[in-house]
Amino acid sequence: MRFSKKTNAIGPSPTLAIDAKAKSLKAGGVDIISFGVGEPDFDTPQNIKEAAIKAIRDGFTKYTPVAGIEDLKSAIIDKLKKENGLDYEKNEIIVSCGAKHSLYNVAEALYDVGDEILLPSPYWVSYPDQIMLNSAVPVIIKTDEKNSFKITPELLKAHLSKKTKALILNSPSNPTGLAYDKKSLEAIAELAVKHDFYIVSDEIYEKLVYDGFEHISIASFGDEIKKRTIVINGLSKSFAMTGWRIGFAAGPKDIIEAMTNIQSQSTSNPASISQKAAVEAYRGPQDFIHTMNIEFDKRRLYMFERLNKMKGVSCIRPVGAFYAFPDVSYYFDKNFKGSRINSSMDLTSYLLEEAKVAVVPGSAFGDDRYIRLSYATSMTNIEKGLDRIEDALSKLQ
Ligand code: PMP
Ligand code: GLU
């Protein structure tokens with residue numbers, strides 16, 4: 001079989017692959033603790049589930065408009081206005097099958113052969129592959145842990161070229177937990193306007209912020225930056241709705257129209273039932289998010305402290321999302337029973353075999369010195385899993 005060239009350029013999502021492996025080991029009776037996939041361990045709130053059940057009972061089970069039902073678009077518009085200070089019309093919104101699908105639609109609509117897409121690293125696993133699937137070129141901007149993995153205007157300028165089409169910005173970030181403050185975002189926005197490139201602003205973790213951090217959307221700094229920004233968001237993380245597959249994009253009408261055409265020829269509308277559930281998520285009580293955040297915050301601080309106390313491990317204090325991203329390169333070149341750890345992938349395999357703990361290698365995010373641990377799992381699992389990691393690391397010579 002001869003596949004298309006672009007399929008040869010990509011692989012499976014490493015986060016989903018590790019999750020599948022951890023789940024299959026668990027199903028086979030192995031006592032695995034998973035810090036692998038980034039998925040809230042909370043159940044979807046009851047009021048949201050009830051809205052979906054009602055949708056089924058009411059027979060709301062047919063095709064809907066491709067870009068989403070009117071009620072949901074209105075709820076999203078109100079959310080963007082109230083929480084992000086952004087004004088959008090209905091033809092500037094498209095609802096898709098998860099934020100990943102929204103991002104993919106942007107890639108299809110915007111990235112062309114040879115276009116350069118700026119991608120700060122460490123990056124979330126799907127960005128480079130989505131760029132390559134559309135024959136564009138990911139231009140990786142390596143960031144420094146000393147600057148909390150943030151891009152600076154100087155770094156950004158150094159990577160600009162005539163082919164620069166867009167910058168993918170993910171704040172709060174997966175995998176590092178960094179989040180950009182107003183001043184840093186303003187500097188990035190200024191460059192985007194001056195050099196006329198788009199910003200794909202992935203704000204999926206906007207609600208999961210700690211230490212009093214306030215999320216700001218880069219699109220909110222005025223018309224010039226707003227018309228160059230596509231805001232991506234969704235329900236997976238904020239409302240513990242990963243399986244429902246609802247995400248959205250908000251942006252200039254012509255881009256949204258192109259994305260809608262693409263969606264109409266690929267998936268059609270996202271599930272009608274999930275859309276009704278999403279309306280309830282945005283319109284109904286919001287206290288669930290606060291309750292979930294209090295719990296994530298405790299786990300974050302515990303994990304951050306424990307990791308930094310481990311010999312040879314260092315980790316910046318994340319202010320958003322639910323990941324810790326420690327530097328573990330101290331353990332490279334060390335051995336266990338004659339086999340050598342040479343990379344984050346080797347360490348990940350070792351931790352899975354020896355400690356029965358699943359983590360994601362930093363190489364999947366563009367930096368091999370690190371591993372990613374998700375703290376979207378119970379405190380008991382976190383305590384036990386970190387004990388196991390510490391013990392396994394101490395056996396490396
Ligand atoms: N962006 C980032 C940064 C993510 O971590 C995720 C999580 N998978 C997504 C987008 C996609 O989310 P969704 O489940 O809504 O597709
Ligand atoms: N965003 C999550 C993660 O990074 C979900 C997995 C995925 O969609 O790849 O673990």
# chains A, B, ... in the order shown; residues from 1 in each chain; ligands from 1

call {"tool": "select_by_dssp", "arguments": {"residues": "range 109-234 of chain A", "states": "strand (DSSP E)", "output": "MDAnalysis selection string"}}
result
chainID A and resid 116:121 137:142 164:170 198:202 229:234

call {"tool": "write_last_selection", "arguments": {"atoms": "N, CA, C and O atoms", "output": "CSV table (one decimal), in the first residue's frame"}}
result
chain,number,residue,atom,x,y,z
A,116,GLU,N,5.4,29.1,7.0
A,116,GLU,CA,6.1,28.8,8.3
A,116,GLU,C,5.1,29.1,9.5
A,116,GLU,O,4.6,30.2,9.5
A,117,ILE,N,5.0,28.2,10.3
A,117,ILE,CA,4.2,28.4,11.5
A,117,ILE,C,5.1,28.3,12.8
A,117,ILE,O,5.7,27.3,13.0
A,118,LEU,N,5.1,29.4,13.5
A,118,LEU,CA,5.9,29.5,14.6
A,118,LEU,C,5.4,28.7,15.8
A,118,LEU,O,4.2,28.9,16.1
A,119,LEU,N,6.2,27.9,16.4
A,119,LEU,CA,5.7,27.0,17.5
A,119,LEU,C,6.7,27.0,18.6
A,119,LEU,O,7.8,26.4,18.5
A,120,PRO,N,6.4,27.7,19.7
A,120,PRO,CA,7.3,27.7,20.9
A,120,PRO,C,7.3,26.3,21.4
A,120,PRO,O,6.3,25.6,21.5
A,121,SER,N,8.6,25.9,21.8
A,121,SER,CA,8.8,24.6,22.4
A,121,SER,C,9.2,24.8,23.8
A,121,SER,O,10.0,25.7,24.1
A,137,VAL,N,5.4,24.3,7.5
A,137,VAL,CA,6.6,24.0,8.1
A,137,VAL,C,6.6,24.5,9.6
A,137,VAL,O,6.4,25.7,9.8
A,138,PRO,N,6.7,23.6,10.6
A,138,PRO,CA,6.8,24.1,11.9
A,138,PRO,C,8.1,24.8,12.2
A,138,PRO,O,9.2,24.1,12.0
A,139,VAL,N,8.1,26.0,12.6
A,139,VAL,CA,9.4,26.7,13.0
A,139,VAL,C,9.5,26.7,14.5
A,139,VAL,O,8.7,27.5,15.1
A,140,ILE,N,10.3,25.9,15.0
A,140,ILE,CA,10.3,25.7,16.5
A,140,ILE,C,11.1,26.8,17.1
A,140,ILE,O,12.2,27.1,16.8
A,141,ILE,N,10.5,27.4,18.1
A,141,ILE,CA,11.2,28.5,18.9
A,141,ILE,C,11.5,27.8,20.3
A,141,ILE,O,10.6,27.6,21.1
A,142,LYS,N,12.8,27.5,20.4
A,142,LYS,CA,13.2,26.9,21.7
A,142,LYS,C,13.2,27.9,22.8
A,142,LYS,O,13.8,29.0,22.7
A,164,THR,N,6.5,33.6,7.3
A,164,THR,CA,5.7,33.4,8.6
A,164,THR,C,4.2,33.6,8.4
A,164,THR,O,3.8,34.7,7.9
A,165,LYS,N,3.4,32.6,8.7
A,165,LYS,CA,2.0,32.8,8.5
A,165,LYS,C,1.3,33.0,9.9
A,165,LYS,O,0.3,33.7,10.0
A,166,ALA,N,1.8,32.2,10.9
A,166,ALA,CA,1.1,32.2,12.2
A,166,ALA,C,2.0,31.8,13.3
A,166,ALA,O,3.0,31.2,13.1
A,167,LEU,N,1.5,32.2,14.5
A,167,LEU,CA,2.2,31.7,15.7
A,167,LEU,C,1.1,30.9,16.5
A,167,LEU,O,0.0,31.4,16.7
A,168,ILE,N,1.5,29.8,17.0
A,168,ILE,CA,0.6,29.0,17.9
A,168,ILE,C,1.0,29.4,19.3
A,168,ILE,O,2.1,29.2,19.8
A,169,LEU,N,0.0,29.9,20.0
A,169,LEU,CA,0.3,30.3,21.4
A,169,LEU,C,-0.7,29.5,22.3
A,169,LEU,O,-1.9,29.5,22.1
A,170,ASN,N,-0.1,28.9,23.4
A,170,ASN,CA,-0.9,28.1,24.2
A,170,ASN,C,-0.7,28.5,25.7
A,170,ASN,O,0.3,28.2,26.3
A,198,TYR,N,-0.8,35.7,11.8
A,198,TYR,CA,-1.9,35.3,12.7
A,198,TYR,C,-1.5,34.7,14.0
A,198,TYR,O,-0.4,34.2,14.1
A,199,ILE,N,-2.3,34.8,15.0
A,199,ILE,CA,-2.1,34.1,16.2
A,199,ILE,C,-3.2,33.0,16.4
A,199,ILE,O,-4.4,33.4,16.4
A,200,VAL,N,-2.8,31.8,16.6
A,200,VAL,CA,-3.7,30.7,16.9
A,200,VAL,C,-3.6,30.6,18.5
A,200,VAL,O,-2.6,30.1,19.0
A,201,SER,N,-4.6,31.1,19.2
A,201,SER,CA,-4.5,31.2,20.6
A,201,SER,C,-5.3,30.1,21.3
A,201,SER,O,-6.5,30.2,21.4
A,202,ASP,N,-4.6,29.1,21.7
A,202,ASP,CA,-5.2,27.9,22.3
A,202,ASP,C,-5.4,28.2,23.8
A,202,ASP,O,-4.4,28.2,24.6
A,229,THR,N,-6.4,37.0,15.1
A,229,THR,CA,-6.4,35.9,16.1
A,229,THR,C,-7.5,35.0,15.9
A,229,THR,O,-8.7,35.4,15.6
A,230,ILE,N,-7.2,33.7,16.1
A,230,ILE,CA,-8.3,32.7,16.1
A,230,ILE,C,-8.2,32.1,17.5
A,230,ILE,O,-7.2,31.5,17.9
A,231,VAL,N,-9.2,32.4,18.3
A,231,VAL,CA,-9.3,31.9,19.7
A,231,VAL,C,-9.8,30.5,19.7
A,231,VAL,O,-10.9,30.2,19.1
A,232,ILE,N,-9.1,29.6,20.4
A,232,ILE,CA,-9.5,28.2,20.5
A,232,ILE,C,-9.9,27.9,21.9
A,232,ILE,O,-9.1,28.2,22.8
A,233,ASN,N,-11.0,27.2,22.1
A,233,ASN,CA,-11.3,26.9,23.5
A,233,ASN,C,-12.3,25.7,23.4
A,233,ASN,O,-12.6,25.2,22.4
A,234,GLY,N,-12.7,25.2,24.6
A,234,GLY,CA,-13.7,24.1,24.6
A,234,GLY,C,-14.0,23.7,26.0
A,234,GLY,O,-13.6,24.3,27.0

call {"tool": "residues_near_ligand", "arguments": {"ligand": "ligand 2", "cutoff": "8 Å", "atoms": "only C-alpha atoms and all ligand atoms", "output": "number ranges by chain"}}
result
A: 13-16, 36-39, 100, 124-126, 174-175, 374

call {"tool": "write_last_selection", "arguments": {"atoms": "C-alpha atoms", "output": "PDB file, in the first residue's frame"}}
result
ATOM      1  CA  SER A  13      -0.568  11.208  19.429  1.00  0.00           C
ATOM      2  CA  PRO A  14       2.018  10.121  22.044  1.00  0.00           C
ATOM      3  CA  THR A  15      -0.194  11.201  24.953  1.00  0.00           C
ATOM      4  CA  LEU A  16      -3.101   9.096  23.716  1.00  0.00           C
ATOM      5  CA  GLY A  36       0.028  10.068  31.418  1.00  0.00           C
ATOM      6  CA  VAL A  37      -2.938  11.648  29.762  1.00  0.00           C
ATOM      7  CA  GLY A  38      -4.240  15.129  30.547  1.00  0.00           C
ATOM      8  CA  GLU A  39      -7.842  14.472  31.424  1.00  0.00           C
ATOM      9  CA  LYS A 100      -8.212  19.418  18.726  1.00  0.00           C
ATOM     10  CA  TRP A 124       1.616  20.317  22.886  1.00  0.00           C
ATOM     11  CA  VAL A 125       2.038  17.087  20.916  1.00  0.00           C
ATOM     12  CA  SER A 126      -0.505  17.638  18.144  1.00  0.00           C
ATOM     13  CA  ASN A 174       0.490  22.062  28.101  1.00  0.00           C
ATOM     14  CA  PRO A 175       3.067  20.684  29.013  1.00  0.00           C
ATOM     15  CA  SER A 374      -0.373  15.057  34.827  1.00  0.00           C
TER      16      SER A 374
END

call {"tool": "closest_atom_pairs", "arguments": {"of": "range 247-345 of chain A", "to": "range 92-99 of chain A", "cutoff": "8 Å", "atoms": "only C-alpha atoms", "output": "Markdown table"}}
result
| residue | atom | partner | partner_atom | distance |
| --- | --- | --- | --- | --- |
| A:Gly247 | CA | A:Gly98 | CA | 3.9 |
| A:Phe248 | CA | A:Val95 | CA | 4.3 |
| A:Ala249 | CA | A:Ile94 | CA | 5.4 |
| A:Ala250 | CA | A:Ile93 | CA | 4.6 |
| A:Gly251 | CA | A:Glu92 | CA | 5.3 |
| A:Pro252 | CA | A:Glu92 | CA | 5.7 |
| A:Lys253 | CA | A:Glu92 | CA | 4.7 |
| A:Ile256 | CA | A:Glu92 | CA | 5.8 |
| A:Glu257 | CA | A:Glu92 | CA | 7.9 |
| A:Met259 | CA | A:Ile94 | CA | 7.7 |
| A:Thr260 | CA | A:Ile94 | CA | 6.8 |
| A:Gln263 | CA | A:Ser96 | CA | 7.9 |
| A:Asn269 | CA | A:Ser96 | CA | 7.0 |
| A:Pro270 | CA | A:Cys97 | CA | 5.1 |
| A:Ala271 | CA | A:Cys97 | CA | 7.7 |

call {"tool": "residues_around", "arguments": {"residues": "Tyr282 in chain A", "least_positions_apart": "2", "cutoff": "12 Å", "atoms": "only C-alpha atoms", "output": "ChimeraX atom specification"}}
result
/A:45,47-48,51,71-80,82-83,234-235,238-239,246,275-280,284-289

call {"tool": "atom_distance", "arguments": {"atom1": "CA of Thr64 in chain A", "atom2": "CA of Ser274 in chain A"}}
result
11.4 Å

call {"tool": "residues_around", "arguments": {"residues": "Lys182 in chain A", "least_positions_apart": "5", "cutoff": "12 Å", "atoms": "only C-alpha atoms", "output": "MDAnalysis selection string"}}
result
chainID A and resid 171 187:189 213:221

call {"tool": "closest_residue", "arguments": {"among": "A:Lys194, A:Arg317, A:Arg340, A:Arg369", "to": "Pro122 in chain A", "atoms": "only C-alpha atoms"}}
result
A:Arg369

call {"tool": "residues_around", "arguments": {"residues": "Arg300 in chain A", "least_positions_apart": "4", "cutoff": "9 Å", "atoms": "only C-alpha atoms", "output": "list in words"}}
result
Glu295, Phe296, Phe304, Glu305, Arg317, Pro318, Val319, Phe322, Tyr323, Ala324 and Tyr375 of chain A

call {"tool": "select_by_dssp", "arguments": {"residues": "range 30-229 of chain A", "states": "alpha helix (DSSP H)", "output": "NGL selection string"}}
result
:A and (46-57 or 70-84 or 99-110 or 126-133 or 153-158 or 182-195 or 223-226)

call {"tool": "closest_residue", "arguments": {"among": "A:Thr348, A:Thr176, A:Asn84, A:Thr61", "to": "Lys207 in chain A", "atoms": "only C-alpha atoms"}}
result
A:Asn84
